[in-house]
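For reference, input.txt is printed below; it contains compact mmCIF, C-alpha atoms.
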# COMPACT_ATOMS: atom_id res chain seq x y z
CA MET A 1 29.07 -33.44 -43.27
CA ILE A 2 26.46 -35.16 -45.37
CA LEU A 3 25.17 -33.64 -48.60
CA TYR A 4 21.87 -34.79 -50.06
CA SER A 5 22.25 -34.08 -53.75
CA TYR A 6 21.13 -34.99 -57.27
CA PHE A 7 23.78 -35.00 -59.97
CA GLN A 8 21.75 -32.83 -62.32
CA SER A 9 20.42 -30.32 -59.77
CA SER A 10 22.10 -26.97 -60.29
CA ALA A 11 21.53 -25.92 -56.66
CA SER A 12 23.28 -29.12 -55.46
CA TYR A 13 26.07 -28.48 -57.95
CA ARG A 14 26.68 -25.04 -56.40
CA VAL A 15 27.11 -26.52 -52.93
CA ARG A 16 29.40 -29.29 -54.20
CA ILE A 17 31.72 -26.63 -55.65
CA ALA A 18 31.70 -24.66 -52.38
CA LEU A 19 32.51 -27.73 -50.25
CA ASN A 20 35.31 -28.72 -52.64
CA HIS A 21 36.67 -25.18 -52.71
CA LYS A 22 36.86 -25.07 -48.92
CA GLU A 23 38.28 -28.61 -48.93
CA ILE A 24 35.58 -29.84 -46.57
CA PRO A 25 35.16 -33.62 -46.88
CA TYR A 26 31.55 -34.79 -47.12
CA GLU A 27 29.47 -37.90 -47.65
CA TYR A 28 27.37 -37.84 -50.83
CA ARG A 29 23.80 -39.14 -50.56
CA ALA A 30 21.89 -39.25 -53.81
CA VAL A 31 18.23 -38.19 -53.96
CA HIS A 32 16.71 -39.16 -57.30
CA LEU A 33 14.37 -36.32 -58.32
CA VAL A 34 12.52 -38.25 -61.02
CA ARG A 35 12.47 -41.98 -60.20
CA GLU A 36 9.20 -43.22 -58.65
CA GLY A 37 7.72 -39.71 -58.71
CA GLY A 38 10.77 -38.28 -56.95
CA GLU A 39 12.57 -39.46 -53.82
CA GLN A 40 12.54 -35.89 -52.53
CA HIS A 41 8.83 -36.26 -51.75
CA LYS A 42 9.26 -39.27 -49.44
CA ALA A 43 8.40 -38.71 -45.77
CA ASP A 44 11.91 -39.45 -44.47
CA TYR A 45 13.46 -36.89 -46.74
CA LYS A 46 10.78 -34.28 -46.11
CA ASN A 47 11.59 -34.49 -42.41
CA LEU A 48 15.01 -33.19 -43.32
CA ASN A 49 13.81 -30.75 -45.95
CA PRO A 50 10.14 -29.73 -45.73
CA LEU A 51 10.18 -28.16 -49.21
CA GLY A 52 11.17 -31.55 -50.68
CA GLU A 53 14.08 -30.20 -52.65
CA VAL A 54 17.81 -30.75 -52.92
CA PRO A 55 20.35 -29.89 -51.63
CA THR A 56 20.22 -30.50 -47.90
CA LEU A 57 23.36 -30.27 -45.77
CA VAL A 58 23.58 -32.15 -42.48
CA HIS A 59 26.35 -31.12 -40.10
CA GLY A 60 26.06 -33.06 -36.82
CA GLN A 61 22.67 -32.07 -35.41
CA LYS A 62 22.38 -29.14 -37.77
CA ILE A 63 20.25 -29.42 -40.89
CA LEU A 64 20.16 -26.81 -43.62
CA ALA A 65 18.33 -26.47 -46.92
CA GLN A 66 18.62 -23.74 -49.58
CA SER A 67 21.99 -23.32 -51.25
CA MET A 68 22.26 -19.66 -50.25
CA ALA A 69 21.77 -20.47 -46.57
CA ILE A 70 24.35 -23.26 -46.86
CA PHE A 71 26.88 -20.90 -48.47
CA PHE A 72 26.35 -18.38 -45.68
CA TYR A 73 26.73 -21.06 -43.02
CA LEU A 74 29.91 -22.45 -44.59
CA ASP A 75 31.54 -19.01 -44.63
CA GLN A 76 30.65 -18.48 -40.97
CA THR A 77 31.86 -21.88 -39.78
CA TYR A 78 34.79 -22.42 -42.19
CA PRO A 79 36.06 -18.89 -42.83
CA GLU A 80 39.12 -20.05 -44.82
CA LYS A 81 38.79 -19.54 -48.59
CA ILE A 82 35.86 -17.18 -48.25
CA LEU A 83 32.89 -17.53 -50.63
CA PHE A 84 31.71 -13.93 -50.37
CA SER A 85 34.04 -11.14 -49.20
CA LYS A 86 35.17 -9.45 -45.99
CA ASP A 87 34.16 -6.11 -47.46
CA ALA A 88 30.44 -5.53 -46.82
CA TYR A 89 29.63 -3.88 -50.15
CA GLU A 90 31.70 -6.34 -52.21
CA ALA A 91 30.01 -9.24 -50.38
CA ALA A 92 26.59 -7.72 -51.07
CA ARG A 93 27.40 -7.28 -54.76
CA ILE A 94 28.49 -10.92 -54.99
CA LEU A 95 25.28 -11.90 -53.21
CA GLN A 96 23.26 -9.76 -55.64
CA PHE A 97 24.92 -11.56 -58.57
CA CYS A 98 24.14 -14.95 -56.99
CA GLU A 99 20.51 -13.94 -56.45
CA VAL A 100 20.03 -13.17 -60.14
CA VAL A 101 20.66 -16.89 -60.62
CA ASN A 102 19.12 -18.15 -57.38
CA SER A 103 15.87 -16.22 -57.43
CA GLY A 104 15.77 -14.78 -60.96
CA MET A 105 16.58 -17.81 -63.10
CA GLN A 106 16.66 -21.24 -61.47
CA PRO A 107 13.20 -21.15 -59.79
CA VAL A 108 11.44 -20.27 -63.04
CA VAL A 109 13.01 -23.07 -65.07
CA ASN A 110 13.15 -25.89 -62.52
CA LEU A 111 11.47 -29.28 -62.70
CA ARG A 112 8.37 -28.30 -60.71
CA VAL A 113 7.60 -25.32 -62.94
CA ARG A 114 8.15 -27.35 -66.13
CA GLN A 115 5.79 -30.01 -64.80
CA GLU A 116 3.08 -27.43 -64.04
CA LEU A 117 3.45 -25.85 -67.49
CA GLU A 118 2.78 -29.26 -69.00
CA THR A 119 -0.13 -30.19 -66.72
CA ARG A 120 -1.93 -26.85 -66.72
CA PHE A 121 -1.28 -25.54 -70.22
CA GLY A 122 -0.33 -28.65 -72.18
CA ALA A 123 3.11 -27.19 -72.89
CA ASP A 124 5.02 -29.75 -74.96
CA ALA A 125 8.77 -30.35 -74.79
CA LYS A 126 9.46 -27.61 -77.33
CA ALA A 127 7.31 -25.02 -75.53
CA ARG A 128 8.93 -25.88 -72.21
CA GLU A 129 12.39 -25.59 -73.72
CA SER A 130 11.50 -22.21 -75.18
CA TRP A 131 10.21 -21.04 -71.76
CA CYS A 132 13.46 -22.13 -70.08
CA ALA A 133 15.57 -20.56 -72.82
CA TYR A 134 13.73 -17.24 -72.45
CA PHE A 135 14.27 -17.00 -68.70
CA ASN A 136 17.85 -18.21 -68.96
CA GLU A 137 18.64 -15.61 -71.63
CA ARG A 138 17.01 -12.84 -69.65
CA GLY A 139 19.17 -13.67 -66.64
CA LEU A 140 22.34 -14.28 -68.63
CA SER A 141 22.08 -10.84 -70.28
CA THR A 142 21.90 -9.29 -66.82
CA LEU A 143 24.86 -11.31 -65.56
CA GLU A 144 26.87 -10.39 -68.64
CA LYS A 145 26.19 -6.68 -68.02
CA ILE A 146 27.38 -7.01 -64.42
CA LEU A 147 30.48 -8.96 -65.45
CA GLU A 148 31.49 -6.28 -67.97
CA LYS A 149 32.22 -4.13 -64.92
CA THR A 150 33.34 -6.65 -62.31
CA SER A 151 35.08 -9.59 -63.95
CA GLY A 152 38.76 -10.43 -64.09
CA ARG A 153 39.80 -14.05 -64.34
CA PHE A 154 36.65 -14.78 -62.33
CA CYS A 155 33.28 -13.04 -61.86
CA PHE A 156 34.60 -10.60 -59.27
CA GLY A 157 38.23 -9.86 -60.04
CA ASP A 158 40.85 -12.59 -59.93
CA GLN A 159 39.51 -14.45 -56.93
CA VAL A 160 37.01 -17.31 -57.11
CA SER A 161 33.81 -16.43 -55.23
CA ALA A 162 30.25 -17.60 -54.69
CA ALA A 163 29.36 -15.77 -57.92
CA ASP A 164 31.34 -18.27 -60.00
CA MET A 165 29.79 -21.15 -58.08
CA PHE A 166 26.27 -19.95 -58.91
CA LEU A 167 27.12 -19.10 -62.52
CA ILE A 168 28.70 -22.36 -63.73
CA PRO A 169 25.82 -24.70 -62.75
CA GLN A 170 23.34 -22.33 -64.42
CA LEU A 171 25.31 -22.56 -67.68
CA PHE A 172 24.87 -26.32 -67.45
CA ASN A 173 21.10 -25.74 -67.23
CA ALA A 174 21.13 -23.20 -70.08
CA ARG A 175 22.96 -25.61 -72.40
CA ARG A 176 20.49 -28.37 -71.59
CA ASN A 177 17.83 -25.94 -72.81
CA LYS A 178 19.82 -25.26 -75.99
CA VAL A 179 20.55 -21.62 -75.19
CA ASP A 180 23.17 -20.16 -77.53
CA LEU A 181 25.83 -18.80 -75.18
CA SER A 182 28.17 -17.38 -77.84
CA LYS A 183 27.14 -13.74 -77.31
CA TYR A 184 27.96 -13.78 -73.59
CA LYS A 185 31.68 -13.01 -73.95
CA CYS A 186 32.47 -12.24 -70.28
CA ILE A 187 30.53 -15.26 -69.06
CA LEU A 188 32.38 -17.59 -71.42
CA LYS A 189 35.73 -16.07 -70.48
CA VAL A 190 35.07 -16.65 -66.78
CA GLU A 191 33.86 -20.16 -67.52
CA THR A 192 37.17 -20.99 -69.24
CA GLU A 193 38.99 -20.26 -65.98
CA CYS A 194 36.49 -21.97 -63.69
CA VAL A 195 36.50 -25.27 -65.53
CA LYS A 196 40.23 -25.58 -64.92
CA GLN A 197 39.71 -25.52 -61.14
CA GLU A 198 39.75 -28.82 -59.27
CA ALA A 199 36.81 -27.72 -57.08
CA PHE A 200 34.63 -27.18 -60.14
CA ILE A 201 35.75 -30.31 -61.99
CA LYS A 202 35.02 -32.62 -59.05
CA ALA A 203 31.55 -31.05 -58.70
CA GLN A 204 30.44 -31.62 -62.29
CA PRO A 205 27.29 -33.70 -62.78
CA LYS A 206 29.19 -36.33 -64.75
CA ASN A 207 31.58 -36.87 -61.85
CA GLN A 208 28.88 -37.68 -59.27
CA PRO A 209 28.13 -41.22 -58.09
CA ASP A 210 24.49 -40.96 -59.22
CA PHE A 211 25.33 -39.71 -62.73
CA GLU A 212 23.17 -41.10 -65.54
CA ALA A 213 24.07 -40.54 -69.19
CA MET B 1 19.72 6.43 -48.67
CA ILE B 2 17.41 6.31 -51.64
CA LEU B 3 15.02 3.41 -52.19
CA TYR B 4 13.54 2.78 -55.63
CA SER B 5 10.30 1.01 -54.88
CA TYR B 6 6.80 0.19 -56.11
CA PHE B 7 4.03 0.16 -53.51
CA GLN B 8 2.75 -3.25 -54.57
CA SER B 9 6.11 -5.01 -55.05
CA SER B 10 6.61 -7.54 -52.28
CA ALA B 11 10.41 -7.38 -52.59
CA SER B 12 10.30 -3.59 -52.12
CA TYR B 13 7.94 -4.05 -49.18
CA ARG B 14 10.51 -6.31 -47.45
CA VAL B 15 13.22 -3.65 -47.72
CA ARG B 16 10.88 -0.90 -46.50
CA ILE B 17 10.23 -2.94 -43.34
CA ALA B 18 13.96 -3.51 -42.80
CA LEU B 19 14.83 0.17 -43.19
CA ASN B 20 12.02 1.16 -40.83
CA HIS B 21 13.05 -1.51 -38.32
CA LYS B 22 16.61 -0.20 -38.23
CA GLU B 23 15.27 3.37 -38.16
CA ILE B 24 17.31 4.35 -41.21
CA PRO B 25 15.77 7.40 -42.91
CA TYR B 26 15.43 7.09 -46.68
CA GLU B 27 14.08 8.92 -49.69
CA TYR B 28 11.31 7.04 -51.51
CA ARG B 29 11.44 7.04 -55.32
CA ALA B 30 8.51 5.37 -57.02
CA VAL B 31 9.05 3.15 -60.07
CA HIS B 32 5.72 2.31 -61.70
CA LEU B 33 5.94 -1.32 -62.85
CA VAL B 34 2.92 -1.21 -65.15
CA ARG B 35 2.43 2.31 -66.54
CA GLU B 36 3.74 2.82 -70.11
CA GLY B 37 5.01 -0.76 -70.25
CA GLY B 38 6.87 -0.36 -66.98
CA GLU B 39 9.23 2.39 -65.82
CA GLN B 40 11.68 -0.30 -64.65
CA HIS B 41 12.60 -0.97 -68.28
CA LYS B 42 13.70 2.61 -69.02
CA ALA B 43 17.39 3.11 -69.80
CA ASP B 44 18.05 5.40 -66.81
CA TYR B 45 16.66 2.91 -64.37
CA LYS B 46 18.38 -0.05 -66.00
CA ASN B 47 21.70 1.69 -65.47
CA LEU B 48 20.99 1.41 -61.76
CA ASN B 49 19.45 -2.05 -61.93
CA PRO B 50 20.35 -4.11 -65.03
CA LEU B 51 17.62 -6.67 -64.30
CA GLY B 52 14.99 -3.90 -64.49
CA GLU B 53 13.36 -4.78 -61.20
CA VAL B 54 12.60 -3.13 -57.89
CA PRO B 55 13.88 -2.56 -55.27
CA THR B 56 17.18 -0.77 -55.75
CA LEU B 57 18.97 0.85 -52.83
CA VAL B 58 21.38 3.70 -53.41
CA HIS B 59 23.72 4.59 -50.56
CA GLY B 60 26.16 7.31 -51.62
CA GLN B 61 28.11 5.80 -54.53
CA LYS B 62 26.92 2.31 -53.67
CA ILE B 63 24.10 0.74 -55.62
CA LEU B 64 22.44 -2.53 -54.69
CA ALA B 65 19.63 -4.59 -56.15
CA GLN B 66 18.05 -7.80 -54.83
CA SER B 67 16.34 -7.59 -51.46
CA MET B 68 18.49 -10.35 -49.96
CA ALA B 69 21.70 -8.53 -50.86
CA ILE B 70 20.24 -5.31 -49.40
CA PHE B 71 19.32 -7.08 -46.14
CA PHE B 72 22.83 -8.49 -45.88
CA TYR B 73 24.39 -5.09 -46.56
CA LEU B 74 22.16 -3.33 -44.01
CA ASP B 75 23.15 -5.80 -41.28
CA GLN B 76 26.83 -5.28 -42.06
CA THR B 77 26.68 -1.49 -42.16
CA TYR B 78 23.97 -0.86 -39.53
CA PRO B 79 24.49 -3.74 -37.08
CA GLU B 80 21.97 -2.39 -34.53
CA LYS B 81 18.64 -4.25 -34.51
CA ILE B 82 20.02 -7.19 -36.44
CA LEU B 83 17.92 -8.72 -39.24
CA PHE B 84 19.50 -12.18 -39.10
CA SER B 85 21.33 -13.41 -35.99
CA LYS B 86 24.82 -13.38 -34.49
CA ASP B 87 24.67 -17.17 -34.20
CA ALA B 88 25.79 -18.71 -37.50
CA TYR B 89 23.31 -21.59 -37.54
CA GLU B 90 20.36 -19.46 -36.41
CA ALA B 91 21.23 -16.86 -39.05
CA ALA B 92 21.41 -19.59 -41.71
CA ARG B 93 18.02 -20.98 -40.64
CA ILE B 94 16.48 -17.51 -40.88
CA LEU B 95 18.09 -17.12 -44.30
CA GLN B 96 16.72 -20.54 -45.34
CA PHE B 97 13.22 -19.42 -44.32
CA CYS B 98 13.61 -16.17 -46.29
CA GLU B 99 14.80 -18.11 -49.36
CA VAL B 100 11.65 -20.23 -49.39
CA VAL B 101 9.86 -16.93 -50.08
CA ASN B 102 12.60 -15.22 -52.09
CA SER B 103 13.50 -18.04 -54.47
CA GLY B 104 10.70 -20.56 -53.92
CA MET B 105 7.58 -18.39 -54.13
CA GLN B 106 7.95 -14.79 -55.33
CA PRO B 107 9.86 -15.47 -58.60
CA VAL B 108 7.27 -17.98 -59.80
CA VAL B 109 4.27 -15.70 -59.24
CA ASN B 110 5.69 -12.32 -60.20
CA LEU B 111 4.51 -9.99 -62.95
CA ARG B 112 6.98 -11.18 -65.60
CA VAL B 113 5.97 -14.84 -65.18
CA ARG B 114 2.26 -14.00 -65.25
CA GLN B 115 2.79 -12.00 -68.46
CA GLU B 116 4.62 -14.91 -70.11
CA LEU B 117 1.90 -17.37 -69.08
CA GLU B 118 -0.62 -15.16 -70.84
CA THR B 119 1.46 -14.54 -73.98
CA ARG B 120 2.76 -18.06 -74.50
CA PHE B 121 -0.13 -20.22 -73.29
CA GLY B 122 -3.10 -17.86 -73.41
CA ALA B 123 -3.57 -18.22 -69.65
CA ASP B 124 -6.55 -16.06 -68.68
CA ALA B 125 -6.93 -14.21 -65.37
CA LYS B 126 -8.41 -17.26 -63.67
CA ALA B 127 -5.66 -19.61 -64.86
CA ARG B 128 -2.99 -17.14 -63.76
CA GLU B 129 -4.62 -16.74 -60.36
CA SER B 130 -4.75 -20.51 -59.96
CA TRP B 131 -1.03 -20.77 -60.88
CA CYS B 132 -0.13 -18.12 -58.30
CA ALA B 133 -2.34 -19.72 -55.66
CA TYR B 134 -0.70 -23.13 -56.24
CA PHE B 135 2.85 -21.83 -55.80
CA ASN B 136 1.86 -19.65 -52.86
CA GLU B 137 0.18 -22.58 -51.11
CA ARG B 138 3.12 -24.87 -51.74
CA GLY B 139 5.47 -22.36 -50.12
CA LEU B 140 3.12 -21.44 -47.29
CA SER B 141 2.78 -25.12 -46.27
CA THR B 142 6.56 -25.32 -46.03
CA LEU B 143 6.79 -22.11 -44.02
CA GLU B 144 4.03 -23.31 -41.68
CA LYS B 145 5.94 -26.55 -41.04
CA ILE B 146 9.09 -24.60 -40.18
CA LEU B 147 7.18 -22.20 -37.93
CA GLU B 148 5.65 -25.09 -35.96
CA LYS B 149 9.18 -25.65 -34.63
CA THR B 150 10.66 -22.16 -34.57
CA SER B 151 7.97 -19.57 -33.90
CA GLY B 152 7.24 -17.63 -30.75
CA ARG B 153 5.67 -14.21 -31.03
CA PHE B 154 7.57 -13.94 -34.31
CA CYS B 155 8.90 -16.43 -36.88
CA PHE B 156 12.05 -17.21 -34.89
CA GLY B 157 11.26 -16.89 -31.20
CA ASP B 158 10.21 -13.58 -29.70
CA GLN B 159 12.51 -11.37 -31.75
CA VAL B 160 11.57 -9.78 -35.06
CA SER B 161 13.91 -10.98 -37.82
CA ALA B 162 14.32 -10.98 -41.58
CA ALA B 163 12.02 -14.01 -41.65
CA ASP B 164 9.03 -11.88 -40.59
CA MET B 165 10.01 -9.23 -43.12
CA PHE B 166 9.93 -11.76 -45.97
CA LEU B 167 6.76 -13.47 -44.74
CA ILE B 168 4.38 -10.52 -44.35
CA PRO B 169 4.76 -9.12 -47.90
CA GLN B 170 4.23 -12.61 -49.34
CA LEU B 171 0.92 -12.87 -47.45
CA PHE B 172 -0.12 -9.67 -49.18
CA ASN B 173 0.63 -11.38 -52.52
CA ALA B 174 -1.18 -14.58 -51.50
CA ARG B 175 -4.33 -12.68 -50.53
CA ARG B 176 -4.29 -10.83 -53.85
CA ASN B 177 -4.35 -14.27 -55.43
CA LYS B 178 -7.29 -15.29 -53.21
CA VAL B 179 -5.36 -17.94 -51.27
CA ASP B 180 -7.29 -19.16 -48.22
CA LEU B 181 -4.86 -18.60 -45.35
CA SER B 182 -7.05 -19.98 -42.56
CA LYS B 183 -5.24 -23.32 -42.27
CA TYR B 184 -1.84 -21.70 -41.66
CA LYS B 185 -2.23 -21.24 -37.92
CA CYS B 186 1.38 -20.36 -37.04
CA ILE B 187 1.66 -17.96 -39.95
CA LEU B 188 -1.51 -16.12 -38.94
CA LYS B 189 -0.40 -15.98 -35.30
CA VAL B 190 2.92 -14.40 -36.27
CA GLU B 191 1.14 -12.00 -38.61
CA THR B 192 -1.05 -10.75 -35.73
CA GLU B 193 2.09 -9.63 -33.90
CA CYS B 194 3.87 -8.19 -36.92
CA VAL B 195 1.02 -5.95 -38.00
CA LYS B 196 1.17 -4.19 -34.62
CA GLN B 197 4.75 -3.10 -35.25
CA GLU B 198 5.39 0.45 -36.45
CA ALA B 199 8.08 -0.75 -38.91
CA PHE B 200 5.58 -3.04 -40.62
CA ILE B 201 2.68 -0.57 -40.61
CA LYS B 202 4.71 2.22 -42.21
CA ALA B 203 5.89 -0.21 -44.92
CA GLN B 204 2.43 -1.35 -46.02
CA PRO B 205 1.55 -0.77 -49.68
CA LYS B 206 -1.37 1.48 -48.73
CA ASN B 207 0.96 3.79 -46.79
CA GLN B 208 3.32 4.46 -49.71
CA PRO B 209 3.29 7.72 -51.68
CA ASP B 210 2.63 5.87 -54.97
CA PHE B 211 -0.30 3.82 -53.61
CA GLU B 212 -3.22 3.30 -55.99
CA ALA B 213 -6.50 1.82 -54.83

When written as structure tokens, how does the structure in this file appear?
Amino acid sequence: MILYSYFQSSASYRVRIALNHKEIPYEYRAVHLVREGGEQHKADYKNLNPLGEVPTLVHGQKILAQSMAIFFYLDQTYPEKILFSKDAYEAARILQFCEVVNSGMQPVVNLRVRQELETRFGADAKARESWCAYFNERGLSTLEKILEKTSGRFCFGDQVSAADMFLIPQLFNARRNKVDLSKYKCILKVETECVKQEAFIKAQPKNQPDFEA
Amino acid sequence: MILYSYFQSSASYRVRIALNHKEIPYEYRAVHLVREGGEQHKADYKNLNPLGEVPTLVHGQKILAQSMAIFFYLDQTYPEKILFSKDAYEAARILQFCEVVNSGMQPVVNLRVRQELETRFGADAKARESWCAYFNERGLSTLEKILEKTSGRFCFGDQVSAADMFLIPQLFNARRNKVDLSKYKCILKVETECVKQEAFIKAQPKNQPDFEA
């Protein structure tokens, strides 16, 4: 397997955790999202991923973009150490949790949106940070409310799941946008457990080959 | 089954198509997203759906938000007339297509984002429309490129799938934002087939009990 990734991309970070968790070896190929206007926009890369985003997973002849699609594919092809659940409703609730991050938070605070806010409305660094903080906080409050009912050591009981793998990278994004996380008690409790796990540690931005301080 | 929905919500529209396609009868409960500041923010509704969004599906004691989670759950519990595919890679590619809409387009052009653009940056109706058009066009170009390789009568070959059910409601949104769709040949071809289907017709905003002209 080959993973096209950027150390700081939260969607890439999710997939790195999942691959580590399932103990699937993979080759890391860095795509620099900022340098020279962004390597993700180059023709070669857009052949792999028409949206020009990371991550992209290549498995033999099979090419997949979108972290959610990759998670689904990994569970189907490597069913050991399941990311969702064998129970249909539990799996759907985990998926719902992941989507709060995947469609409710990340897309509204990502690089492309921040760039458009600057270009169209002259939003300066402070205004962009405030925008990102607002949408992060809105999502985090929702996640916290869900976790009050579902969490044990991890987001859903005592078993690591996709929910944890979507949550932790988003906290990285929230902290970059100076969101105060202290009121999210369940989230912080789950985080304490996750950061002890080898799969999560190896996936951290600072442990990637393309890391920049 | 009970579906909490708003006629104009594209995420609700997706689920209405899926329920119709699987011929699952359901009770329609309207949640007005605009009236009195939005019924989705009321305490009763937020108990069902902590994010305060539509759709929400209630199935006995089971409550699910997020259209993607609902699609997944419906395929697991009503496997007839499958929304994704039995083949893992094909299913993941359909899911990838759906996520371009679900996480790449809809969240960036939805009501909450448009409201924040107005409040924070004084974006007037024209500026908001231009924002929505930009993100719609960016996504539609990606979808068109995928469809050039995958489409038959429908998005993935000659079988209706979740991909069609995510695409059609987004076209409704794009047209509301005055996006010129004429250059998206594959998309328009697929649309011609979809709009003949009973499941899609019954799900149209104008055919919902809470429709407003």

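For chain B, the residues within 6 Å of chain A are Pro50, Leu51, Gln66, Ala69, Tyr73, Gln76, Ala88, Ala92, Leu95, Gln96, Ser103, Val108 and Thr142 of chain B, with all atoms listed in the file used to measure distance.
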
Handout entry: Computed interatomic separation between atom CA of A:Ala199 and atom CA of A:Glu39 (Å)
Key =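 Value for the atom CA of A:Ala199-atom CA of A:Glu39 distance: 27.1 Å.
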
Completion exercise
Using only C-alpha atoms, the residue out of A:Lys183, A:Arg16, A:Arg153, A:Arg114 with shortest distance to A:Ile2 is A:Arg16

Handout entry: Expected answer as a PyMOL selection string: all residues with atoms within 10 Å of (30.6, -32.7, -49.3), only C-alpha atoms
Key = chain A and resi 1-5+15-20+22-29+57-58+203

Practice task
State, in Å with one decimal place, the distance from atom CA of A:Asn177 to atom CA of A:Ala11.
Solution key: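 That distance, rounded to one decimal, is 16.6 Å.
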
Completion exercise
atom CA of B:Ala125 sits from atom CA of B:Tyr45 at a separation of 29.2 Å

Residue completion, stretch 29-46 of chain A, N, CA and C atoms, as a PDB file, in the coordinates of the input:
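Final output, part_33.pdb:
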ATOM      1  N   ARG A  29      24.993 -38.267 -50.539  1.00  0.00           N
ATOM      2  CA  ARG A  29      23.800 -39.140 -50.560  1.00  0.00           C
ATOM      3  C   ARG A  29      22.894 -38.693 -51.704  1.00  0.00           C
ATOM      4  N   ALA A  30      22.661 -39.585 -52.620  1.00  0.00           N
ATOM      5  CA  ALA A  30      21.890 -39.250 -53.810  1.00  0.00           C
ATOM      6  C   ALA A  30      20.381 -39.263 -53.519  1.00  0.00           C
ATOM      7  N   VAL A  31      19.697 -38.260 -54.011  1.00  0.00           N
ATOM      8  CA  VAL A  31      18.230 -38.190 -53.960  1.00  0.00           C
ATOM      9  C   VAL A  31      17.761 -38.107 -55.412  1.00  0.00           C
ATOM     10  N   HIS A  32      17.106 -39.143 -55.889  1.00  0.00           N
ATOM     11  CA  HIS A  32      16.710 -39.160 -57.300  1.00  0.00           C
ATOM     12  C   HIS A  32      15.431 -38.355 -57.482  1.00  0.00           C
ATOM     13  N   LEU A  33      15.511 -37.259 -58.232  1.00  0.00           N
ATOM     14  CA  LEU A  33      14.370 -36.320 -58.320  1.00  0.00           C
ATOM     15  C   LEU A  33      13.261 -36.795 -59.251  1.00  0.00           C
ATOM     16  N   VAL A  34      13.517 -37.848 -60.032  1.00  0.00           N
ATOM     17  CA  VAL A  34      12.520 -38.250 -61.020  1.00  0.00           C
ATOM     18  C   VAL A  34      11.975 -39.665 -60.737  1.00  0.00           C
ATOM     19  N   ARG A  35      12.854 -40.583 -60.399  1.00  0.00           N
ATOM     20  CA  ARG A  35      12.470 -41.980 -60.200  1.00  0.00           C
ATOM     21  C   ARG A  35      11.317 -42.120 -59.185  1.00  0.00           C
ATOM     22  N   GLU A  36      10.351 -42.961 -59.526  1.00  0.00           N
ATOM     23  CA  GLU A  36       9.200 -43.220 -58.650  1.00  0.00           C
ATOM     24  C   GLU A  36       8.522 -41.929 -58.186  1.00  0.00           C
ATOM     25  N   GLY A  37       8.394 -40.974 -59.054  1.00  0.00           N
ATOM     26  CA  GLY A  37       7.720 -39.710 -58.710  1.00  0.00           C
ATOM     27  C   GLY A  37       8.596 -38.755 -57.922  1.00  0.00           C
ATOM     28  N   GLY A  38       9.838 -39.173 -57.649  1.00  0.00           N
ATOM     29  CA  GLY A  38      10.770 -38.280 -56.950  1.00  0.00           C
ATOM     30  C   GLY A  38      11.010 -38.664 -55.510  1.00  0.00           C
ATOM     31  N   GLU A  39      12.244 -39.062 -55.197  1.00  0.00           N
ATOM     32  CA  GLU A  39      12.570 -39.460 -53.820  1.00  0.00           C
ATOM     33  C   GLU A  39      12.518 -38.294 -52.841  1.00  0.00           C
ATOM     34  N   GLN A  40      12.574 -37.079 -53.403  1.00  0.00           N
ATOM     35  CA  GLN A  40      12.540 -35.890 -52.530  1.00  0.00           C
ATOM     36  C   GLN A  40      11.192 -35.694 -51.859  1.00  0.00           C
ATOM     37  N   HIS A  41      10.164 -36.409 -52.347  1.00  0.00           N
ATOM     38  CA  HIS A  41       8.830 -36.260 -51.750  1.00  0.00           C
ATOM     39  C   HIS A  41       8.561 -37.298 -50.664  1.00  0.00           C
ATOM     40  N   LYS A  42       9.487 -38.235 -50.456  1.00  0.00           N
ATOM     41  CA  LYS A  42       9.260 -39.270 -49.440  1.00  0.00           C
ATOM     42  C   LYS A  42       9.319 -38.666 -48.034  1.00  0.00           C
ATOM     43  N   ALA A  43       8.560 -39.267 -47.125  1.00  0.00           N
ATOM     44  CA  ALA A  43       8.400 -38.710 -45.770  1.00  0.00           C
ATOM     45  C   ALA A  43       9.743 -38.527 -45.054  1.00  0.00           C
ATOM     46  N   ASP A  44      10.609 -39.538 -45.152  1.00  0.00           N
ATOM     47  CA  ASP A  44      11.910 -39.450 -44.470  1.00  0.00           C
ATOM     48  C   ASP A  44      12.688 -38.221 -44.920  1.00  0.00           C
ATOM     49  N   TYR A  45      12.687 -38.016 -46.223  1.00  0.00           N
ATOM     50  CA  TYR A  45      13.460 -36.890 -46.740  1.00  0.00           C
ATOM     51  C   TYR A  45      12.797 -35.563 -46.387  1.00  0.00           C
ATOM     52  N   LYS A  46      11.469 -35.539 -46.416  1.00  0.00           N
ATOM     53  CA  LYS A  46      10.780 -34.280 -46.110  1.00  0.00           C
ATOM     54  C   LYS A  46      10.904 -33.875 -44.637  1.00  0.00           C
TER      55      LYS A  46
END
